[in-house]
Amino acid sequence: MNTHHKIIAVAKKTIETEGNAILHLSNLISEEFAEAVDYIYQSKGRVIVTGIGKSANIATKIVATLNSTGTPAIFMHAADAIHGDLGIIQENDTVICISKSGNTPEIKVLVPLIKNSGNKLMGLTSNKDSFLGQQSDYVLHAFVEKEACPNNLAPTTSTTAQLVMGDALAMSLLELRGFSSTDFAKFHPGGSLGKQLYLRVSDLTSLNERPSVTPETGIKKVIVEISEKLLGVTAVVEDDKIIGIITDGDLRRMLTKVDNIAGLTARDIMSQNPKRIDNDAMAVEAMEIMDKHGITQILAEKDGKYSGVVHIHNLSKEGII
């Protein structure tokens, strides 16, 4: 077997091993899992997620997912907890402790301290019979038969299972809270995901010039309007209503067909009934229309009247595409 074939074989085996383990997790979603989710949902406190080693890395991801979907959460490193960080935990907080074995020394020290404080403890572990499993009020069972590592040592399948179980927890809470796309946008105002959920066509048209000609406008003035407004397009407007569109492509095609442009007007070369979008529509809708029809600009209107242009560069600059 040459090197490339070996790489491909190892990669496929890793994915298959982890994939099978993840599929098995659905069989471990029990009434106890539902009770744990419902407890967090009813709780007035936060979720404190803790772990050590690779499990700590997974804990930070779970915390991020919970926070972004409406469940306040904080990461607490298990090693730091027993050296002062236990103060993070407040009276009504729920603690989720992540450990594959559930028997590491740090966990054995930390768990009794959490129990003594009266906080509910949830153990996210592969081993229900471990110290963590036995001491937890709720067990989030993330059993894996083996790691993807050929030596069955490096945390691979187990950490993937922990991550997926954390996602299952977060998405269950999201559903209970009725967390909507609008709520999601509030937590992601600066990212492209958030912008897809709150950025409107009007936010983009306000950034651009508003090229406009009448049906009787001469071709020379049409060319000047398109050139000066720098959008590669102009609307053809009559009584404030869009009746057509002229793009720089229309101008090029005209020049290949007509030797004398004198006397030509916008009406002679415009495309009628152009694609358009409401000024209050979401910007992502403009992107979808442009993508579907292979166009780079779309005209916007408000209350049936021409309001401006959205250019594909606007969408790109905002990170929507």
# chains A, B, ... in the order shown; residues from 1 in each chain; ligands from 1

call {"tool": "select_by_dssp", "arguments": {"residues": "stretch 1-71 of chain A", "states": "alpha helix (DSSP H)", "output": "PyMOL selection string"}}
result
chain A and resi 3-25+31-42+54-68

call {"tool": "write_last_selection", "arguments": {"atoms": "N, CA and C atoms", "output": "CSV table (one decimal), in the first residue's frame"}}
result
chain,number,residue,atom,x,y,z
A,3,THR,N,1.8,5.4,0.2
A,3,THR,CA,1.5,6.3,1.3
A,3,THR,C,0.1,7.0,1.2
A,4,HIS,N,-0.3,7.4,0.0
A,4,HIS,CA,-1.5,8.0,-0.2
A,4,HIS,C,-2.7,7.1,0.1
A,5,HIS,N,-2.6,5.8,-0.4
A,5,HIS,CA,-3.6,4.9,-0.1
A,5,HIS,C,-3.8,4.6,1.4
A,6,LYS,N,-2.7,4.6,2.1
A,6,LYS,CA,-2.7,4.4,3.6
A,6,LYS,C,-3.4,5.6,4.2
A,7,ILE,N,-3.1,6.8,3.8
A,7,ILE,CA,-3.7,8.0,4.4
A,7,ILE,C,-5.2,7.9,4.2
A,8,ILE,N,-5.6,7.6,3.0
A,8,ILE,CA,-7.0,7.6,2.7
A,8,ILE,C,-7.7,6.5,3.5
A,9,ALA,N,-7.1,5.4,3.7
A,9,ALA,CA,-7.7,4.3,4.5
A,9,ALA,C,-7.8,4.7,5.9
A,10,VAL,N,-6.8,5.3,6.5
A,10,VAL,CA,-6.8,5.7,7.9
A,10,VAL,C,-7.9,6.8,8.1
A,11,ALA,N,-8.0,7.7,7.2
A,11,ALA,CA,-8.9,8.8,7.3
A,11,ALA,C,-10.4,8.3,7.3
A,12,LYS,N,-10.6,7.3,6.3
A,12,LYS,CA,-12.0,6.8,6.2
A,12,LYS,C,-12.3,5.9,7.5
A,13,LYS,N,-11.4,5.2,8.0
A,13,LYS,CA,-11.6,4.4,9.2
A,13,LYS,C,-11.9,5.3,10.4
A,14,THR,N,-11.2,6.4,10.5
A,14,THR,CA,-11.5,7.3,11.6
A,14,THR,C,-12.9,7.8,11.5
A,15,ILE,N,-13.3,8.3,10.3
A,15,ILE,CA,-14.6,8.8,10.1
A,15,ILE,C,-15.7,7.8,10.4
A,16,GLU,N,-15.5,6.5,9.9
A,16,GLU,CA,-16.5,5.5,10.1
A,16,GLU,C,-16.6,5.1,11.6
A,17,THR,N,-15.4,5.1,12.3
A,17,THR,CA,-15.4,4.7,13.7
A,17,THR,C,-16.2,5.8,14.5
A,18,GLU,N,-15.9,7.0,14.3
A,18,GLU,CA,-16.6,8.1,15.0
A,18,GLU,C,-18.1,8.2,14.6
A,19,GLY,N,-18.3,8.0,13.3
A,19,GLY,CA,-19.7,8.1,12.8
A,19,GLY,C,-20.6,7.0,13.4
A,20,ASN,N,-20.1,5.8,13.5
A,20,ASN,CA,-20.9,4.7,14.2
A,20,ASN,C,-21.1,5.0,15.6
A,21,ALA,N,-20.1,5.6,16.3
A,21,ALA,CA,-20.3,5.9,17.7
A,21,ALA,C,-21.3,7.0,17.9
A,22,ILE,N,-21.3,8.0,17.0
A,22,ILE,CA,-22.3,9.1,17.1
A,22,ILE,C,-23.7,8.5,16.9
A,23,LEU,N,-23.9,7.7,15.9
A,23,LEU,CA,-25.2,7.1,15.6
A,23,LEU,C,-25.7,6.3,16.9
A,24,HIS,N,-24.8,5.7,17.6
A,24,HIS,CA,-25.2,4.9,18.7
A,24,HIS,C,-25.7,5.8,19.9
A,25,LEU,N,-25.2,7.0,19.9
A,25,LEU,CA,-25.6,7.9,21.0
A,25,LEU,C,-27.1,8.2,21.0
A,31,GLU,N,-35.0,9.1,29.3
A,31,GLU,CA,-35.8,10.0,30.2
A,31,GLU,C,-34.9,10.8,31.1
A,32,GLU,N,-33.8,10.2,31.5
A,32,GLU,CA,-32.9,11.0,32.4
A,32,GLU,C,-32.3,12.2,31.7
A,33,PHE,N,-32.0,12.0,30.4
A,33,PHE,CA,-31.6,13.1,29.6
A,33,PHE,C,-32.6,14.2,29.5
A,34,ALA,N,-33.9,13.8,29.3
A,34,ALA,CA,-35.0,14.8,29.2
A,34,ALA,C,-35.2,15.5,30.5
A,35,GLU,N,-35.0,14.8,31.6
A,35,GLU,CA,-35.1,15.4,33.0
A,35,GLU,C,-34.0,16.4,33.2
A,36,ALA,N,-32.8,16.1,32.7
A,36,ALA,CA,-31.7,17.0,32.9
A,36,ALA,C,-31.9,18.3,32.1
A,37,VAL,N,-32.4,18.2,30.9
A,37,VAL,CA,-32.7,19.3,30.0
A,37,VAL,C,-33.8,20.2,30.7
A,38,ASP,N,-34.8,19.5,31.1
A,38,ASP,CA,-35.9,20.3,31.7
A,38,ASP,C,-35.5,21.0,33.0
A,39,TYR,N,-34.6,20.4,33.8
A,39,TYR,CA,-34.1,21.0,35.0
A,39,TYR,C,-33.4,22.3,34.7
A,40,ILE,N,-32.5,22.3,33.7
A,40,ILE,CA,-31.8,23.5,33.2
A,40,ILE,C,-32.7,24.5,32.7
A,41,TYR,N,-33.7,24.1,32.0
A,41,TYR,CA,-34.7,25.0,31.4
A,41,TYR,C,-35.5,25.7,32.6
A,42,GLN,N,-35.8,25.0,33.6
A,42,GLN,CA,-36.6,25.6,34.7
A,42,GLN,C,-35.7,26.4,35.7
A,54,LYS,N,-8.6,17.3,27.1
A,54,LYS,CA,-9.4,17.5,25.9
A,54,LYS,C,-10.8,17.7,26.2
A,55,SER,N,-11.3,17.2,27.4
A,55,SER,CA,-12.7,17.4,27.8
A,55,SER,C,-12.9,18.9,28.1
A,56,ALA,N,-11.9,19.6,28.6
A,56,ALA,CA,-12.0,21.0,28.8
A,56,ALA,C,-12.2,21.8,27.5
A,57,ASN,N,-11.5,21.3,26.5
A,57,ASN,CA,-11.7,22.0,25.2
A,57,ASN,C,-13.1,21.8,24.7
A,58,ILE,N,-13.6,20.7,24.9
A,58,ILE,CA,-15.0,20.4,24.5
A,58,ILE,C,-16.0,21.3,25.3
A,59,ALA,N,-15.7,21.4,26.6
A,59,ALA,CA,-16.5,22.2,27.5
A,59,ALA,C,-16.6,23.6,27.0
A,60,THR,N,-15.5,24.2,26.5
A,60,THR,CA,-15.6,25.6,26.0
A,60,THR,C,-16.5,25.7,24.8
A,61,LYS,N,-16.5,24.7,24.0
A,61,LYS,CA,-17.3,24.7,22.8
A,61,LYS,C,-18.8,24.6,23.2
A,62,ILE,N,-19.1,23.8,24.1
A,62,ILE,CA,-20.5,23.6,24.6
A,62,ILE,C,-21.0,24.9,25.3
A,63,VAL,N,-20.1,25.5,26.0
A,63,VAL,CA,-20.4,26.8,26.6
A,63,VAL,C,-20.8,27.9,25.6
A,64,ALA,N,-20.0,27.9,24.5
A,64,ALA,CA,-20.2,28.9,23.4
A,64,ALA,C,-21.5,28.6,22.8
A,65,THR,N,-21.9,27.3,22.5
A,65,THR,CA,-23.1,27.0,21.9
A,65,THR,C,-24.3,27.3,22.8
A,66,LEU,N,-24.2,27.0,24.0
A,66,LEU,CA,-25.3,27.4,25.0
A,66,LEU,C,-25.5,28.9,25.0
A,67,ASN,N,-24.4,29.6,25.1
A,67,ASN,CA,-24.6,31.1,25.2
A,67,ASN,C,-25.2,31.7,24.0
A,68,SER,N,-24.9,31.2,22.8
A,68,SER,CA,-25.4,31.7,21.6
A,68,SER,C,-26.8,31.3,21.2

call {"tool": "atom_distance", "arguments": {"atom1": "atom CA of A:Leu255", "atom2": "atom CA of A:Leu230"}}
result
19.8 Å

call {"tool": "residues_around", "arguments": {"residues": "A:Ser212", "least_positions_apart": "6", "cutoff": "6 Å", "atoms": "only C-alpha atoms", "output": "PyMOL selection string"}}
result
chain A and resi 234-236

call {"tool": "write_last_selection", "arguments": {"atoms": "N, CA and C atoms", "output": "PDB file, in the first residue's frame"}}
result
ATOM      1  N   THR A 234     -28.951  51.269 -14.366  1.00  0.00           N
ATOM      2  CA  THR A 234     -29.875  52.335 -14.004  1.00  0.00           C
ATOM      3  C   THR A 234     -31.297  51.826 -14.143  1.00  0.00           C
ATOM      4  N   ALA A 235     -32.154  52.334 -13.287  1.00  0.00           N
ATOM      5  CA  ALA A 235     -33.574  52.033 -13.399  1.00  0.00           C
ATOM      6  C   ALA A 235     -34.185  52.993 -14.414  1.00  0.00           C
ATOM      7  N   VAL A 236     -35.179  52.503 -15.125  1.00  0.00           N
ATOM      8  CA  VAL A 236     -35.968  53.370 -15.995  1.00  0.00           C
ATOM      9  C   VAL A 236     -37.285  53.605 -15.262  1.00  0.00           C
TER      10      VAL A 236
END

call {"tool": "residues_around", "arguments": {"residues": "A:Thr247", "least_positions_apart": "2", "cutoff": "6 Å", "atoms": "only C-alpha atoms", "output": "PDB file with all heavy atoms, in the first residue's frame"}}
result
ATOM      1  N   GLY A 232     -23.204  50.089 -12.521  1.00  0.00           N
ATOM      2  CA  GLY A 232     -23.345  49.276 -13.721  1.00  0.00           C
ATOM      3  C   GLY A 232     -24.773  49.085 -14.163  1.00  0.00           C
ATOM      4  O   GLY A 232     -25.081  48.167 -14.924  1.00  0.00           O
ATOM      5  N   VAL A 233     -25.672  49.978 -13.686  1.00  0.00           N
ATOM      6  CA  VAL A 233     -27.090  49.799 -13.981  1.00  0.00           C
ATOM      7  C   VAL A 233     -27.822  51.111 -13.723  1.00  0.00           C
ATOM      8  O   VAL A 233     -27.360  51.963 -12.954  1.00  0.00           O
ATOM      9  CB  VAL A 233     -27.677  48.680 -13.084  1.00  0.00           C
ATOM     10  CG1 VAL A 233     -27.695  49.108 -11.632  1.00  0.00           C
ATOM     11  CG2 VAL A 233     -29.069  48.264 -13.541  1.00  0.00           C
ATOM     12  N   GLY A 249     -24.233  45.898 -19.598  1.00  0.00           N
ATOM     13  CA  GLY A 249     -24.276  44.829 -20.604  1.00  0.00           C
ATOM     14  C   GLY A 249     -25.233  45.158 -21.731  1.00  0.00           C
ATOM     15  O   GLY A 249     -24.958  44.863 -22.905  1.00  0.00           O
ATOM     16  N   ASP A 250     -26.374  45.779 -21.381  1.00  0.00           N
ATOM     17  CA  ASP A 250     -27.333  46.197 -22.414  1.00  0.00           C
ATOM     18  C   ASP A 250     -26.694  47.214 -23.351  1.00  0.00           C
ATOM     19  O   ASP A 250     -26.912  47.187 -24.575  1.00  0.00           O
ATOM     20  CB  ASP A 250     -28.571  46.816 -21.761  1.00  0.00           C
ATOM     21  CG  ASP A 250     -29.397  45.801 -20.997  1.00  0.00           C
ATOM     22  OD1 ASP A 250     -29.461  44.636 -21.438  1.00  0.00           O
ATOM     23  OD2 ASP A 250     -29.971  46.178 -19.956  1.00  0.00           O
TER      24      ASP A 250
END

call {"tool": "closest_residue", "arguments": {"among": "A:Ser30, A:Ser180, A:Gly53, A:Leu163", "to": "A:Tyr138", "atoms": "only C-alpha atoms"}}
result
A:Ser30

call {"tool": "closest_residue", "arguments": {"among": "A:Ile107, A:Leu121, A:Leu199, A:Ile261", "to": "A:Val222", "atoms": "only C-alpha atoms"}}
result
A:Ile261

call {"tool": "residues_around", "arguments": {"residues": "A:Ser136", "least_positions_apart": "6", "cutoff": "10 Å", "atoms": "only C-alpha atoms", "output": "ChimeraX atom specification"}}
result
/A:95-97,111,115,120-124,128,130

call {"tool": "closest_residue", "arguments": {"among": "A:Tyr198, A:Ile48, A:Asp239, A:Ala266", "to": "A:Val213", "atoms": "only C-alpha atoms"}}
result
A:Ala266

call {"tool": "residues_around", "arguments": {"residues": "A:Arg267", "least_positions_apart": "6", "cutoff": "10 Å", "atoms": "only C-alpha atoms", "output": "ChimeraX atom specification"}}
result
/A:213-219,236,243-246

call {"tool": "atom_distance", "arguments": {"atom1": "atom CA of A:Thr157", "atom2": "atom CA of A:Leu132"}}
result
19.6 Å

call {"tool": "select_by_dssp", "arguments": {"residues": "stretch 81-312 of chain A", "states": "strand (DSSP E or B)", "output": "count of residues only"}}
result
52

call {"tool": "closest_residue", "arguments": {"among": "A:Asp85, A:Met171, A:Ser101, A:Asn116", "to": "A:Glu145", "atoms": "only C-alpha atoms"}}
result
A:Ser101

call {"tool": "atom_distance", "arguments": {"atom1": "atom CA of A:Gly102", "atom2": "atom CA of A:Asn127"}}
result
6.5 Å
